[in-house]
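Source file query31.pdb; content: PDB, C-alpha atoms and all ligand atoms.
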```pdb
MODEL        1
ATOM      1  CA  MET A   1      41.684  45.955  -1.796
ATOM      2  CA  ASN A   2      37.967  45.655  -1.074
ATOM      3  CA  GLN A   3      36.389  42.523  -2.647
ATOM      4  CA  GLN A   4      33.996  44.768  -4.608
ATOM      5  CA  ASP A   5      37.035  46.466  -6.225
ATOM      6  CA  SER A   6      38.606  43.221  -7.489
ATOM      7  CA  PRO A   7      37.529  42.099 -10.945
ATOM      8  CA  VAL A   8      35.092  39.337 -11.721
ATOM      9  CA  LEU A   9      36.484  37.146 -14.503
ATOM     10  CA  VAL A  10      33.717  36.164 -16.924
ATOM     11  CA  LEU A  11      34.552  33.151 -19.100
ATOM     12  CA  GLY A  12      32.670  32.969 -22.395
ATOM     13  CA  ALA A  13      32.297  36.747 -22.047
ATOM     14  CA  THR A  14      30.941  37.251 -25.567
ATOM     15  CA  GLY A  15      28.637  34.215 -25.501
ATOM     16  CA  LYS A  16      24.918  33.882 -24.801
ATOM     17  CA  THR A  17      25.115  34.053 -21.017
ATOM     18  CA  GLY A  18      28.596  35.571 -20.537
ATOM     19  CA  ARG A  19      27.717  38.727 -22.495
ATOM     20  CA  ARG A  20      24.683  39.290 -20.298
ATOM     21  CA  VAL A  21      26.678  38.633 -17.127
ATOM     22  CA  VAL A  22      29.279  41.226 -18.231
ATOM     23  CA  ASP A  23      26.560  43.844 -18.912
ATOM     24  CA  ARG A  24      24.937  43.313 -15.512
ATOM     25  CA  LEU A  25      28.223  43.422 -13.595
ATOM     26  CA  ARG A  26      29.183  46.675 -15.342
ATOM     27  CA  ALA A  27      25.757  48.141 -14.560
ATOM     28  CA  ARG A  28      26.421  47.342 -10.896
ATOM     29  CA  GLY A  29      29.777  49.095 -11.123
ATOM     30  CA  ARG A  30      31.799  45.903 -10.630
ATOM     31  CA  PRO A  31      35.158  45.712 -12.420
ATOM     32  CA  VAL A  32      34.955  42.985 -15.069
ATOM     33  CA  ARG A  33      37.666  41.038 -16.840
ATOM     34  CA  ALA A  34      36.452  39.347 -20.008
ATOM     35  CA  GLY A  35      37.808  35.847 -20.601
ATOM     36  CA  SER A  36      37.634  34.334 -24.061
ATOM     37  CA  ARG A  37      40.014  33.762 -26.940
ATOM     38  CA  ARG A  38      39.451  37.303 -28.248
ATOM     39  CA  SER A  39      39.613  39.196 -24.935
ATOM     40  CA  THR A  40      42.405  41.548 -23.877
ATOM     41  CA  THR A  41      43.734  38.918 -21.477
ATOM     42  CA  PRO A  42      43.022  35.879 -23.646
ATOM     43  CA  PHE A  43      41.544  32.736 -22.121
ATOM     44  CA  ASP A  44      41.449  29.611 -24.285
ATOM     45  CA  TRP A  45      40.143  26.266 -22.989
ATOM     46  CA  GLN A  46      42.472  24.639 -25.549
ATOM     47  CA  ALA A  47      45.544  26.461 -24.181
ATOM     48  CA  PRO A  48      45.935  25.882 -20.405
ATOM     49  CA  ALA A  49      48.898  28.292 -20.298
ATOM     50  CA  THR A  50      46.379  31.139 -20.729
ATOM     51  CA  TRP A  51      44.364  30.199 -17.626
ATOM     52  CA  ALA A  52      46.550  31.437 -14.736
ATOM     53  CA  PRO A  53      47.194  34.927 -16.219
ATOM     54  CA  ALA A  54      43.441  35.349 -16.767
ATOM     55  CA  LEU A  55      42.564  34.190 -13.237
ATOM     56  CA  ALA A  56      45.273  36.111 -11.350
ATOM     57  CA  GLY A  57      43.827  38.913  -9.199
ATOM     58  CA  ALA A  58      40.187  37.965  -9.829
ATOM     59  CA  ASP A  59      37.866  37.885  -6.814
ATOM     60  CA  ALA A  60      35.212  35.716  -8.465
ATOM     61  CA  VAL A  61      34.879  33.742 -11.701
ATOM     62  CA  TYR A  62      31.837  32.975 -13.855
ATOM     63  CA  VAL A  63      32.669  29.650 -15.493
ATOM     64  CA  SER A  64      30.902  29.033 -18.785
ATOM     65  CA  PHE A  65      32.753  26.124 -20.388
ATOM     66  CA  PHE A  66      33.065  25.744 -24.153
ATOM     67  CA  PRO A  67      31.795  23.844 -26.040
ATOM     68  CA  ASP A  68      29.844  21.941 -23.370
ATOM     69  CA  LEU A  69      30.479  20.276 -20.007
ATOM     70  CA  ALA A  70      29.240  17.057 -21.652
ATOM     71  CA  VAL A  71      32.539  16.591 -23.549
ATOM     72  CA  PRO A  72      34.872  13.935 -22.073
ATOM     73  CA  GLU A  73      37.723  16.380 -21.370
ATOM     74  CA  ALA A  74      35.554  18.828 -19.361
ATOM     75  CA  PRO A  75      36.072  17.367 -15.838
ATOM     76  CA  THR A  76      39.866  17.432 -16.228
ATOM     77  CA  ALA A  77      39.742  21.023 -17.440
ATOM     78  CA  ILE A  78      37.462  22.106 -14.594
ATOM     79  CA  GLU A  79      39.693  20.309 -12.057
ATOM     80  CA  GLU A  80      42.735  22.163 -13.392
ATOM     81  CA  LEU A  81      40.913  25.493 -13.482
ATOM     82  CA  VAL A  82      39.763  25.058  -9.867
ATOM     83  CA  ALA A  83      43.307  24.235  -8.732
ATOM     84  CA  ILE A  84      44.666  27.379 -10.409
ATOM     85  CA  ALA A  85      41.810  29.481  -8.987
ATOM     86  CA  ARG A  86      42.622  28.260  -5.460
ATOM     87  CA  GLY A  87      46.323  28.900  -6.041
ATOM     88  CA  VAL A  88      45.896  32.514  -7.171
ATOM     89  CA  GLY A  89      43.414  33.410  -4.409
ATOM     90  CA  VAL A  90      40.066  33.440  -6.222
ATOM     91  CA  ARG A  91      37.341  33.530  -3.554
ATOM     92  CA  ARG A  92      34.179  32.520  -5.408
ATOM     93  CA  LEU A  93      33.170  30.384  -8.417
ATOM     94  CA  VAL A  94      29.835  30.323 -10.225
ATOM     95  CA  LEU A  95      29.547  27.377 -12.629
ATOM     96  CA  LEU A  96      27.086  27.309 -15.517
ATOM     97  CA  SER A  97      26.011  23.685 -15.887
ATOM     98  CA  GLY A  98      23.569  21.716 -18.033
ATOM     99  CA  ARG A  99      20.623  19.632 -16.837
ATOM    100  CA  GLY A 100      20.689  15.858 -17.114
ATOM    101  CA  GLU A 101      24.315  15.495 -18.296
ATOM    102  CA  ALA A 102      26.500  12.951 -16.474
ATOM    103  CA  ASN A 103      29.738  14.801 -17.211
ATOM    104  CA  ALA A 104      28.258  18.113 -16.106
ATOM    105  CA  ARG A 105      27.455  16.445 -12.749
ATOM    106  CA  ARG A 106      31.122  15.491 -12.413
ATOM    107  CA  CYS A 107      32.142  19.088 -13.043
ATOM    108  CA  GLU A 108      29.589  20.334 -10.505
ATOM    109  CA  ALA A 109      31.052  17.933  -7.921
ATOM    110  CA  ILE A 110      34.584  19.236  -8.601
ATOM    111  CA  VAL A 111      33.463  22.830  -8.029
ATOM    112  CA  GLY A 112      31.400  21.707  -5.017
ATOM    113  CA  SER A 113      34.429  20.204  -3.324
ATOM    114  CA  SER A 114      36.813  23.014  -4.308
ATOM    115  CA  GLY A 115      36.827  24.564  -0.845
ATOM    116  CA  LEU A 116      35.960  27.900  -2.500
ATOM    117  CA  SER A 117      32.692  29.751  -2.135
ATOM    118  CA  HIS A 118      30.619  28.408  -5.032
ATOM    119  CA  THR A 119      27.220  28.316  -6.698
ATOM    120  CA  ILE A 120      26.007  25.944  -9.430
ATOM    121  CA  VAL A 121      23.599  27.344 -12.014
ATOM    122  CA  ARG A 122      22.186  24.256 -13.754
ATOM    123  CA  ALA A 123      20.278  25.413 -16.814
ATOM    124  CA  SER A 124      17.756  23.875 -19.195
ATOM    125  CA  TRP A 125      17.873  24.567 -22.975
ATOM    126  CA  PHE A 126      18.256  28.240 -23.705
ATOM    127  CA  ASP A 127      15.506  30.233 -25.472
ATOM    128  CA  GLN A 128      18.412  31.973 -27.212
ATOM    129  CA  ASN A 129      19.351  28.816 -29.150
ATOM    130  CA  PHE A 130      16.577  29.987 -31.516
ATOM    131  CA  ASP A 131      17.892  33.512 -32.144
ATOM    132  CA  GLU A 132      21.590  33.467 -31.213
ATOM    133  CA  GLY A 133      22.482  29.789 -31.538
ATOM    134  CA  HIS A 134      22.411  26.778 -33.821
ATOM    135  CA  LEU A 135      18.622  26.869 -34.401
ATOM    136  CA  LEU A 136      18.591  30.403 -35.879
ATOM    137  CA  GLY A 137      19.348  29.089 -39.387
ATOM    138  CA  GLY A 138      16.349  26.743 -39.209
ATOM    139  CA  VAL A 139      14.034  29.555 -38.118
ATOM    140  CA  LEU A 140      15.240  31.719 -41.027
ATOM    141  CA  ASP A 141      14.844  28.798 -43.458
ATOM    142  CA  GLY A 142      11.262  28.223 -42.268
ATOM    143  CA  ILE A 143      11.850  24.738 -40.862
ATOM    144  CA  VAL A 144      13.380  23.757 -37.547
ATOM    145  CA  ALA A 145      14.437  20.103 -37.337
ATOM    146  CA  MET A 146      15.459  18.418 -34.087
ATOM    147  CA  PRO A 147      15.765  14.803 -32.894
ATOM    148  CA  ALA A 148      12.850  15.357 -30.503
ATOM    149  CA  ASP A 149       9.215  14.489 -30.993
ATOM    150  CA  ARG A 150       6.886  14.688 -27.986
ATOM    151  CA  VAL A 151       9.580  15.279 -25.356
ATOM    152  CA  ARG A 152       9.050  18.526 -23.429
ATOM    153  CA  GLU A 153      11.705  20.984 -22.310
ATOM    154  CA  PRO A 154      11.389  23.964 -19.925
ATOM    155  CA  PHE A 155      13.305  26.428 -22.170
ATOM    156  CA  VAL A 156      14.934  29.204 -20.134
ATOM    157  CA  ASP A 157      15.785  32.830 -20.970
ATOM    158  CA  CYS A 158      19.519  33.667 -20.766
ATOM    159  CA  ASP A 159      18.560  36.990 -19.155
ATOM    160  CA  ASP A 160      17.195  34.997 -16.203
ATOM    161  CA  ILE A 161      20.352  32.856 -16.087
ATOM    162  CA  ALA A 162      22.512  35.990 -16.060
ATOM    163  CA  ASP A 163      20.430  37.566 -13.283
ATOM    164  CA  VAL A 164      20.921  34.450 -11.148
ATOM    165  CA  ALA A 165      24.644  34.240 -11.952
ATOM    166  CA  VAL A 166      25.259  37.891 -11.083
ATOM    167  CA  ALA A 167      23.371  37.586  -7.792
ATOM    168  CA  ALA A 168      25.552  34.580  -6.967
ATOM    169  CA  LEU A 169      28.752  36.400  -7.993
ATOM    170  CA  CYS A 170      28.031  39.624  -6.095
ATOM    171  CA  ASP A 171      25.616  39.011  -3.235
ATOM    172  CA  ASP A 172      25.776  36.957  -0.072
ATOM    173  CA  GLY A 173      23.398  34.083   0.569
ATOM    174  CA  HIS A 174      24.086  31.947  -2.521
ATOM    175  CA  ASP A 175      27.126  30.030  -1.286
ATOM    176  CA  GLY A 176      26.751  26.251  -1.759
ATOM    177  CA  GLU A 177      23.444  26.628  -3.619
ATOM    178  CA  LEU A 178      22.511  24.564  -6.658
ATOM    179  CA  TYR A 179      19.989  26.506  -8.720
ATOM    180  CA  GLU A 180      18.042  24.545 -11.347
ATOM    181  CA  VAL A 181      17.134  27.381 -13.678
ATOM    182  CA  THR A 182      14.323  26.687 -16.135
ATOM    183  CA  GLY A 183      11.473  28.551 -17.731
ATOM    184  CA  PRO A 184       7.988  28.395 -16.148
ATOM    185  CA  ARG A 185       6.476  25.949 -18.698
ATOM    186  CA  LEU A 186       7.234  22.626 -20.353
ATOM    187  CA  LEU A 187       7.088  22.900 -24.147
ATOM    188  CA  THR A 188       7.733  20.467 -26.966
ATOM    189  CA  PHE A 189      10.058  21.770 -29.680
ATOM    190  CA  ALA A 190       6.935  21.983 -31.870
ATOM    191  CA  ASP A 191       5.276  24.210 -29.217
ATOM    192  CA  ALA A 192       8.375  26.442 -29.083
ATOM    193  CA  VAL A 193       8.537  26.758 -32.866
ATOM    194  CA  ALA A 194       4.805  27.568 -33.003
ATOM    195  CA  ALA A 195       5.328  30.318 -30.406
ATOM    196  CA  ILE A 196       8.125  31.798 -32.556
ATOM    197  CA  ALA A 197       5.887  31.615 -35.648
ATOM    198  CA  ARG A 198       3.130  33.512 -33.798
ATOM    199  CA  ALA A 199       5.547  36.119 -32.424
ATOM    200  CA  SER A 200       7.404  36.700 -35.701
ATOM    201  CA  GLY A 201       4.567  36.293 -38.198
ATOM    202  CA  ARG A 202       6.796  33.874 -40.181
ATOM    203  CA  GLU A 203       5.625  30.627 -41.723
ATOM    204  CA  LEU A 204       7.518  28.105 -39.719
ATOM    205  CA  ASP A 205       7.343  24.315 -39.436
ATOM    206  CA  TYR A 206       8.807  21.870 -36.987
ATOM    207  CA  LEU A 207      10.197  18.542 -38.195
ATOM    208  CA  PRO A 208      11.141  15.759 -35.754
ATOM    209  CA  ILE A 209      14.085  13.836 -37.252
ATOM    210  CA  SER A 210      16.297  10.890 -36.308
ATOM    211  CA  LEU A 211      19.601  11.420 -34.494
ATOM    212  CA  ASP A 212      21.489  10.242 -37.595
ATOM    213  CA  ASP A 213      19.702  12.719 -39.868
ATOM    214  CA  PHE A 214      20.308  15.481 -37.314
ATOM    215  CA  ARG A 215      24.026  14.688 -37.243
ATOM    216  CA  THR A 216      24.303  14.628 -41.048
ATOM    217  CA  ALA A 217      22.415  17.896 -41.528
ATOM    218  CA  LEU A 218      24.389  19.697 -38.837
ATOM    219  CA  ALA A 219      27.776  18.416 -40.060
ATOM    220  CA  ALA A 220      27.221  20.152 -43.408
ATOM    221  CA  ASP A 221      26.790  23.519 -41.642
ATOM    222  CA  ALA A 222      28.819  23.304 -38.452
ATOM    223  CA  GLY A 223      31.416  20.598 -39.167
ATOM    224  CA  PRO A 224      31.634  17.035 -37.841
ATOM    225  CA  ALA A 225      32.981  17.863 -34.354
ATOM    226  CA  LEU A 226      30.119  20.148 -33.306
ATOM    227  CA  ALA A 227      27.628  17.872 -35.093
ATOM    228  CA  ASN A 228      28.826  14.846 -33.101
ATOM    229  CA  LEU A 229      28.819  16.781 -29.827
ATOM    230  CA  LEU A 230      25.279  18.119 -30.239
ATOM    231  CA  THR A 231      23.965  14.767 -31.464
ATOM    232  CA  GLU A 232      25.364  12.922 -28.444
ATOM    233  CA  LEU A 233      24.033  15.670 -26.167
ATOM    234  CA  CYS A 234      20.567  15.284 -27.687
ATOM    235  CA  ARG A 235      20.777  11.498 -27.336
ATOM    236  CA  GLU A 236      21.630  11.939 -23.662
ATOM    237  CA  VAL A 237      19.174  14.596 -22.538
ATOM    238  CA  LEU A 238      16.160  14.525 -24.893
ATOM    239  CA  ASP A 239      14.703  11.333 -23.428
ATOM    240  CA  GLY A 240      12.274  12.887 -20.958
ATOM    241  CA  ARG A 241      14.687  13.140 -18.013
ATOM    242  CA  ASN A 242      14.410  16.947 -18.028
ATOM    243  CA  GLU A 243      10.613  17.085 -18.200
ATOM    244  CA  SER A 244      10.276  18.992 -14.939
ATOM    245  CA  LEU A 245      10.399  22.604 -13.831
ATOM    246  CA  GLY A 246      13.222  23.932 -11.651
ATOM    247  CA  ASP A 247      12.761  26.593  -8.985
ATOM    248  CA  GLY A 248      16.231  28.202  -9.298
ATOM    249  CA  VAL A 249      15.111  31.598 -10.619
ATOM    250  CA  GLU A 250      12.434  31.902  -7.942
ATOM    251  CA  ARG A 251      14.775  30.809  -5.138
ATOM    252  CA  ALA A 252      17.702  32.991  -6.190
ATOM    253  CA  LEU A 253      15.783  36.110  -7.207
ATOM    254  CA  GLY A 254      12.358  35.891  -5.537
ATOM    255  CA  ARG A 255      10.551  36.224  -8.867
ATOM    256  CA  ALA A 256       9.213  33.967 -11.600
ATOM    257  CA  PRO A 257      11.239  33.158 -14.744
ATOM    258  CA  ARG A 258      10.194  34.673 -18.083
ATOM    259  CA  ASP A 259       7.814  32.664 -20.236
ATOM    260  CA  PHE A 260       8.985  31.448 -23.656
ATOM    261  CA  ALA A 261       6.146  33.199 -25.539
ATOM    262  CA  ASP A 262       6.997  36.500 -23.853
ATOM    263  CA  TRP A 263      10.679  36.024 -24.717
ATOM    264  CA  ALA A 264       9.759  35.178 -28.347
ATOM    265  CA  ARG A 265       7.765  38.418 -28.691
ATOM    266  CA  GLY A 266      10.775  40.387 -27.421
ATOM    267  CA  ALA A 267      13.167  38.581 -29.771
ATOM    268  CA  ALA A 268      10.840  39.142 -32.752
ATOM    269  CA  ALA A 269      10.759  42.867 -31.953
ATOM    270  CA  THR A 270      14.557  43.066 -32.408
ATOM    271  CA  GLY A 271      14.129  42.032 -36.061
ATOM    272  CA  VAL A 272      16.419  38.994 -35.729
ATOM    273  CA  TRP A 273      13.909  36.743 -37.519
ATOM    274  CA  ALA A 274      12.979  39.341 -40.153
ATOM    275  CA  GLN A 275      15.827  38.456 -42.512
ATOM    276  CA  ARG A 276      15.974  36.062 -45.513
TER     277      ARG A 276
HETATM  278  N1  LIG A 301      22.917  26.329 -25.223
HETATM  279  C1  LIG A 301      22.174  25.738 -24.288
HETATM  280  O1  LIG A 301      20.970  25.498 -24.456
HETATM  281  C2  LIG A 301      22.809  25.377 -22.951
HETATM  282  C3  LIG A 301      22.007  24.864 -21.925
HETATM  283  C4  LIG A 301      22.604  24.589 -20.680
HETATM  284  C5  LIG A 301      23.956  24.826 -20.493
HETATM  285  N2  LIG A 301      24.708  25.317 -21.518
HETATM  286  C6  LIG A 301      26.147  25.568 -21.308
HETATM  287  O2  LIG A 301      26.493  26.868 -21.737
HETATM  288  C7  LIG A 301      27.879  26.890 -22.075
HETATM  289  C8  LIG A 301      28.047  27.753 -23.287
HETATM  290  O3  LIG A 301      27.364  27.192 -24.347
HETATM  291  P1  LIG A 301      26.753  27.994 -25.570
HETATM  292  O4  LIG A 301      26.553  26.977 -26.628
HETATM  293  O5  LIG A 301      25.601  28.812 -25.139
HETATM  294  O6  LIG A 301      27.936  28.934 -26.057
HETATM  295  P2  LIG A 301      28.229  30.491 -25.874
HETATM  296  O7  LIG A 301      28.236  30.932 -24.467
HETATM  297  O8  LIG A 301      27.393  31.263 -26.816
HETATM  298  O9  LIG A 301      29.754  30.377 -26.351
HETATM  299  C9  LIG A 301      30.509  31.266 -26.992
HETATM  300  C10 LIG A 301      31.572  31.858 -26.027
HETATM  301  O10 LIG A 301      32.616  30.927 -25.777
HETATM  302  C11 LIG A 301      33.857  31.529 -26.147
HETATM  303  N3  LIG A 301      34.746  30.463 -26.635
HETATM  304  C12 LIG A 301      34.628  29.706 -27.749
HETATM  305  N4  LIG A 301      35.637  28.837 -27.844
HETATM  306  C13 LIG A 301      36.431  29.048 -26.763
HETATM  307  C14 LIG A 301      37.654  28.483 -26.291
HETATM  308  N5  LIG A 301      38.285  27.506 -26.961
HETATM  309  N6  LIG A 301      38.180  28.948 -25.137
HETATM  310  C15 LIG A 301      37.580  29.944 -24.451
HETATM  311  N7  LIG A 301      36.426  30.519 -24.827
HETATM  312  C16 LIG A 301      35.857  30.075 -25.986
HETATM  313  C17 LIG A 301      33.502  32.567 -27.194
HETATM  314  O11 LIG A 301      34.394  33.655 -27.271
HETATM  315  P3  LIG A 301      35.706  33.644 -28.235
HETATM  316  O12 LIG A 301      35.215  33.301 -29.595
HETATM  317  O13 LIG A 301      36.259  35.035 -28.098
HETATM  318  O14 LIG A 301      36.635  32.637 -27.660
HETATM  319  C18 LIG A 301      32.161  33.074 -26.627
HETATM  320  O15 LIG A 301      32.414  34.029 -25.599
HETATM  321  C19 LIG A 301      28.321  25.435 -22.255
HETATM  322  O16 LIG A 301      29.158  25.051 -21.183
HETATM  323  C20 LIG A 301      27.006  24.659 -22.170
HETATM  324  O17 LIG A 301      27.156  23.433 -21.510
HETATM  325  C21 LIG A 301      24.176  25.601 -22.738
ENDMDL
END
```

Could you rewrite the structure in this file as C-alpha cells?
Amino acid sequence: MNQQDSPVLVLGATGKTGRRVVDRLRARGRPVRAGSRRSTTPFDWQAPATWAPALAGADAVYVSFFPDLAVPEAPTAIEELVAIARGVGVRRLVLLSGRGEANARRCEAIVGSSGLSHTIVRASWFDQNFDEGHLLGGVLDGIVAMPADRVREPFVDCDDIADVAVAALCDDGHDGELYEVTGPRLLTFADAVAAIARASGRELDYLPISLDDFRTALAADAGPALANLLTELCREVLDGRNESLGDGVERALGRAPRDFADWARGAAATGVWAQR
C-alpha cells in the first residue's frame, strides 16, 4: 500500500489540536483513524492494552498526550508508545509538546531517539484555552483569574499548531525538526483578557491570584487532580522562562502565526462568549 493510503492515527482526536488535525487531514484526502477513549478503535492513555490495536497499520501518528506531558508518568507512557509504534511498523511520529516543561523535554528526547521519522511541535499556551478550555468559565463569569501577574506569554492559535502538525505528518522536509510554535506577540494575561473584552464587547476583568488560591478555586470546578496538575504547571512555566517568540510557524509553513487579537475577533464572531 502507498504511504498516502495508510491511515494517520490522531491521538486526542476530539481535543483542541487533534480535532483540527483530523479536519485538515480529511481535507487533504488522507485516511484518518481517530484515537481517544470515545473513538471507534478506542485509545486510552490509562489502558495500555488499547494502544497496539490503535497503532496497528498506521503510517504516521499525531501524539497529543492527555492530560499533559508534565505529569510524572508521561515519559514512561511515551517510551511504551514509541516501542509499540516501532514494533507495528509506524513510520513517522509528530509529538505535541509544551514549552518550558522538564518532563516534556524528556518525552521529546524519547521521540527524538526513537529511530522513526519524527517532528516535535513545542507549543506555547493556546489561545483556545479561553474559548474551549479551562478559562472559558472565567470569561463567561466576567473575571479571569490566573497565578500570573506581569509575566508575558506568546499565546498561539491551535489552527496554526494543526497546520504545522499536518505539514509534518504529510509532507517531506520536516523530519528531525523541532518547531517552537508561538503567536507573534508577547502578552500578559491581562493583555489577553483585554483583547477578548474588546473583541466580545463583554465587561471582563483580569485578577492575578496566588498559586494556592488558583488551586482552591479550580478544585471546586474541575476536581483536585486537574487542579493540582494545572497549579504545578503554572508554577513551573509562568516564571518568565517562556517570554520569547518561537519561529516554528514561519519555518514550517513560510508564513506568520495569527495574532491573538485577530483570533479573539474570530472567536467572538462564533458567539462562544455571548452566553450567560
Ligand atoms: N492547553 C495548552 O495551552 C497547551 C499548551 C502546550 C501544549 N499542550 C499539550 O496539549 C495536549 C492536550 O492538552 P489540552 O489540555 O489542550 O487537551 P485536549 O486536546 O483538548 O484534550 C482532550 C482530548 O484528549 C482525549 N482524552 C482525554 N482523556 C484521555 C485518555 N485517558 N486517553 C486518551 N485520550 C484522552 C479526549 O477525547 P476522549 O474524551 O474521547 O478520550 C480529547 O480528544 C497536552 O499534552 C498538553 O501538554 C497544551

I would like the residues chosen by the PyMOL selection byres (((not hetatm)) within 6 of (chain A and resi 301)) on the shown file; could you give them as a PDB file with C-alpha atoms, keeping the file's coordinate frame?
```pdb
ATOM      1  CA  GLY A  12      32.670  32.969 -22.395  1.00  0.00           C
ATOM      2  CA  ALA A  13      32.297  36.747 -22.047  1.00  0.00           C
ATOM      3  CA  THR A  14      30.941  37.251 -25.567  1.00  0.00           C
ATOM      4  CA  GLY A  15      28.637  34.215 -25.501  1.00  0.00           C
ATOM      5  CA  LYS A  16      24.918  33.882 -24.801  1.00  0.00           C
ATOM      6  CA  THR A  17      25.115  34.053 -21.017  1.00  0.00           C
ATOM      7  CA  SER A  36      37.634  34.334 -24.061  1.00  0.00           C
ATOM      8  CA  ARG A  37      40.014  33.762 -26.940  1.00  0.00           C
ATOM      9  CA  ARG A  38      39.451  37.303 -28.248  1.00  0.00           C
ATOM     10  CA  PHE A  43      41.544  32.736 -22.121  1.00  0.00           C
ATOM     11  CA  ASP A  44      41.449  29.611 -24.285  1.00  0.00           C
ATOM     12  CA  TRP A  45      40.143  26.266 -22.989  1.00  0.00           C
ATOM     13  CA  GLN A  46      42.472  24.639 -25.549  1.00  0.00           C
ATOM     14  CA  SER A  64      30.902  29.033 -18.785  1.00  0.00           C
ATOM     15  CA  PHE A  65      32.753  26.124 -20.388  1.00  0.00           C
ATOM     16  CA  PHE A  66      33.065  25.744 -24.153  1.00  0.00           C
ATOM     17  CA  PRO A  67      31.795  23.844 -26.040  1.00  0.00           C
ATOM     18  CA  ASP A  68      29.844  21.941 -23.370  1.00  0.00           C
ATOM     19  CA  LEU A  69      30.479  20.276 -20.007  1.00  0.00           C
ATOM     20  CA  SER A  97      26.011  23.685 -15.887  1.00  0.00           C
ATOM     21  CA  GLY A  98      23.569  21.716 -18.033  1.00  0.00           C
ATOM     22  CA  ALA A 123      20.278  25.413 -16.814  1.00  0.00           C
ATOM     23  CA  SER A 124      17.756  23.875 -19.195  1.00  0.00           C
ATOM     24  CA  TRP A 125      17.873  24.567 -22.975  1.00  0.00           C
ATOM     25  CA  PHE A 126      18.256  28.240 -23.705  1.00  0.00           C
ATOM     26  CA  ASN A 129      19.351  28.816 -29.150  1.00  0.00           C
TER      27      ASN A 129
END
```

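Coordinates place atom CA of A:Ala165 at a distance of 23.0 Å from atom CA of A:Ala261.
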
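Closest approach to A:Val164 among A:Gly29, A:Gly271, A:Gly223, A:Pro257 is made by A:Pro257 (distances from only C-alpha atoms).
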
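In this model, the gap between atom CA of A:Gly173 and atom CA of A:Gly57 comes to 23.2 Å.
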
### Query
What's the 8 Å shell around stretch 241-250 of chain A, counting only C-alpha atoms, without same-chain residues fewer than 5 positions away, as a VMD selection string?
chain A and resid 99 to 100 121 124 151 to 154 160 to 161 164 178 to 186 255 to 257

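Distances from A:Asp163, A:Asp59, A:Asp205, A:Asp239 to A:Ala27 were compared using all atoms listed in the file, and the smallest one belongs to A:Asp163.
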
### Task
Could you give me, as number ranges by chain, the residues within 9 Å of stretch 84-95 of chain A, counting all atoms listed in the file and dropping anything in the same chain fewer than 2 positions from it?
A: 51-52, 55-65, 79-82, 97, 107-108, 111, 114-122, 165-166, 168-169, 175

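Reported to one decimal place, the separation of atom CA of A:Trp273 from atom CA of A:Asp259 is 18.8 Å.
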
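Minimum distance to A:Ala104 across A:Ala70, A:Ile196, A:Leu207, A:Ala274 (counting only C-alpha atoms) occurs at A:Ala70.
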
### Query
Applied to this file, what does the PyMOL selection byres (((chain A and resi 228) around 12) and not hetatm) return in terms of residues, put as a VMD selection string?
chain A and resid 67 70 to 71 211 to 220 222 to 227 229 to 235

### Message
Applying the PyMOL selection byres (((chain A and resi 197) around 12) and not hetatm) to the file I just gave you, which residues come out? Please list them as number ranges by chain.
### Response
A: 130, 139-140, 142-144, 190-196, 198-206, 261, 264-265, 267-268, 273-274

Next, write the just-selected residues to a file, as a compact mmCIF listing (two decimals), in the coordinates of the input, keeping C-alpha atoms as the atom set.
```txt
# COMPACT_ATOMS: atom_id res chain seq x y z
CA PHE A 130 16.58 29.99 -31.52
CA VAL A 139 14.03 29.56 -38.12
CA LEU A 140 15.24 31.72 -41.03
CA GLY A 142 11.26 28.22 -42.27
CA ILE A 143 11.85 24.74 -40.86
CA VAL A 144 13.38 23.76 -37.55
CA ALA A 190 6.94 21.98 -31.87
CA ASP A 191 5.28 24.21 -29.22
CA ALA A 192 8.38 26.44 -29.08
CA VAL A 193 8.54 26.76 -32.87
CA ALA A 194 4.80 27.57 -33.00
CA ALA A 195 5.33 30.32 -30.41
CA ILE A 196 8.12 31.80 -32.56
CA ARG A 198 3.13 33.51 -33.80
CA ALA A 199 5.55 36.12 -32.42
CA SER A 200 7.40 36.70 -35.70
CA GLY A 201 4.57 36.29 -38.20
CA ARG A 202 6.80 33.87 -40.18
CA GLU A 203 5.62 30.63 -41.72
CA LEU A 204 7.52 28.10 -39.72
CA ASP A 205 7.34 24.32 -39.44
CA TYR A 206 8.81 21.87 -36.99
CA ALA A 261 6.15 33.20 -25.54
CA ALA A 264 9.76 35.18 -28.35
CA ARG A 265 7.76 38.42 -28.69
CA ALA A 267 13.17 38.58 -29.77
CA ALA A 268 10.84 39.14 -32.75
CA TRP A 273 13.91 36.74 -37.52
CA ALA A 274 12.98 39.34 -40.15
```

With all atoms listed in the file as the counted atoms, please give the residues lying no more than 10 Å from A:Arg33, apart from itself and same-chain residues fewer than 2 positions off, as a compact mmCIF listing (two decimals) with C-alpha atoms, in the frame of the given file.
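Generated file (out38.txt):
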```txt
# COMPACT_ATOMS: atom_id res chain seq x y z
CA SER A 6 38.61 43.22 -7.49
CA PRO A 7 37.53 42.10 -10.94
CA VAL A 8 35.09 39.34 -11.72
CA LEU A 9 36.48 37.15 -14.50
CA VAL A 10 33.72 36.16 -16.92
CA LEU A 11 34.55 33.15 -19.10
CA ALA A 13 32.30 36.75 -22.05
CA VAL A 22 29.28 41.23 -18.23
CA ARG A 30 31.80 45.90 -10.63
CA PRO A 31 35.16 45.71 -12.42
CA GLY A 35 37.81 35.85 -20.60
CA SER A 36 37.63 34.33 -24.06
CA SER A 39 39.61 39.20 -24.94
CA THR A 40 42.40 41.55 -23.88
CA THR A 41 43.73 38.92 -21.48
CA ALA A 54 43.44 35.35 -16.77
CA LEU A 55 42.56 34.19 -13.24
CA ALA A 58 40.19 37.97 -9.83
CA VAL A 61 34.88 33.74 -11.70
```

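Around the coordinate (20.8, 31.5, -4.6), residues that reach within 6 Å when counting all atoms listed in the file are His174, Glu177 and Ala252 of chain A.
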
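Nearest residue to A:Asp23, choosing from A:Asp159, A:Gln128, A:Ser113, A:Pro75 and counting only C-alpha atoms: A:Asp159.
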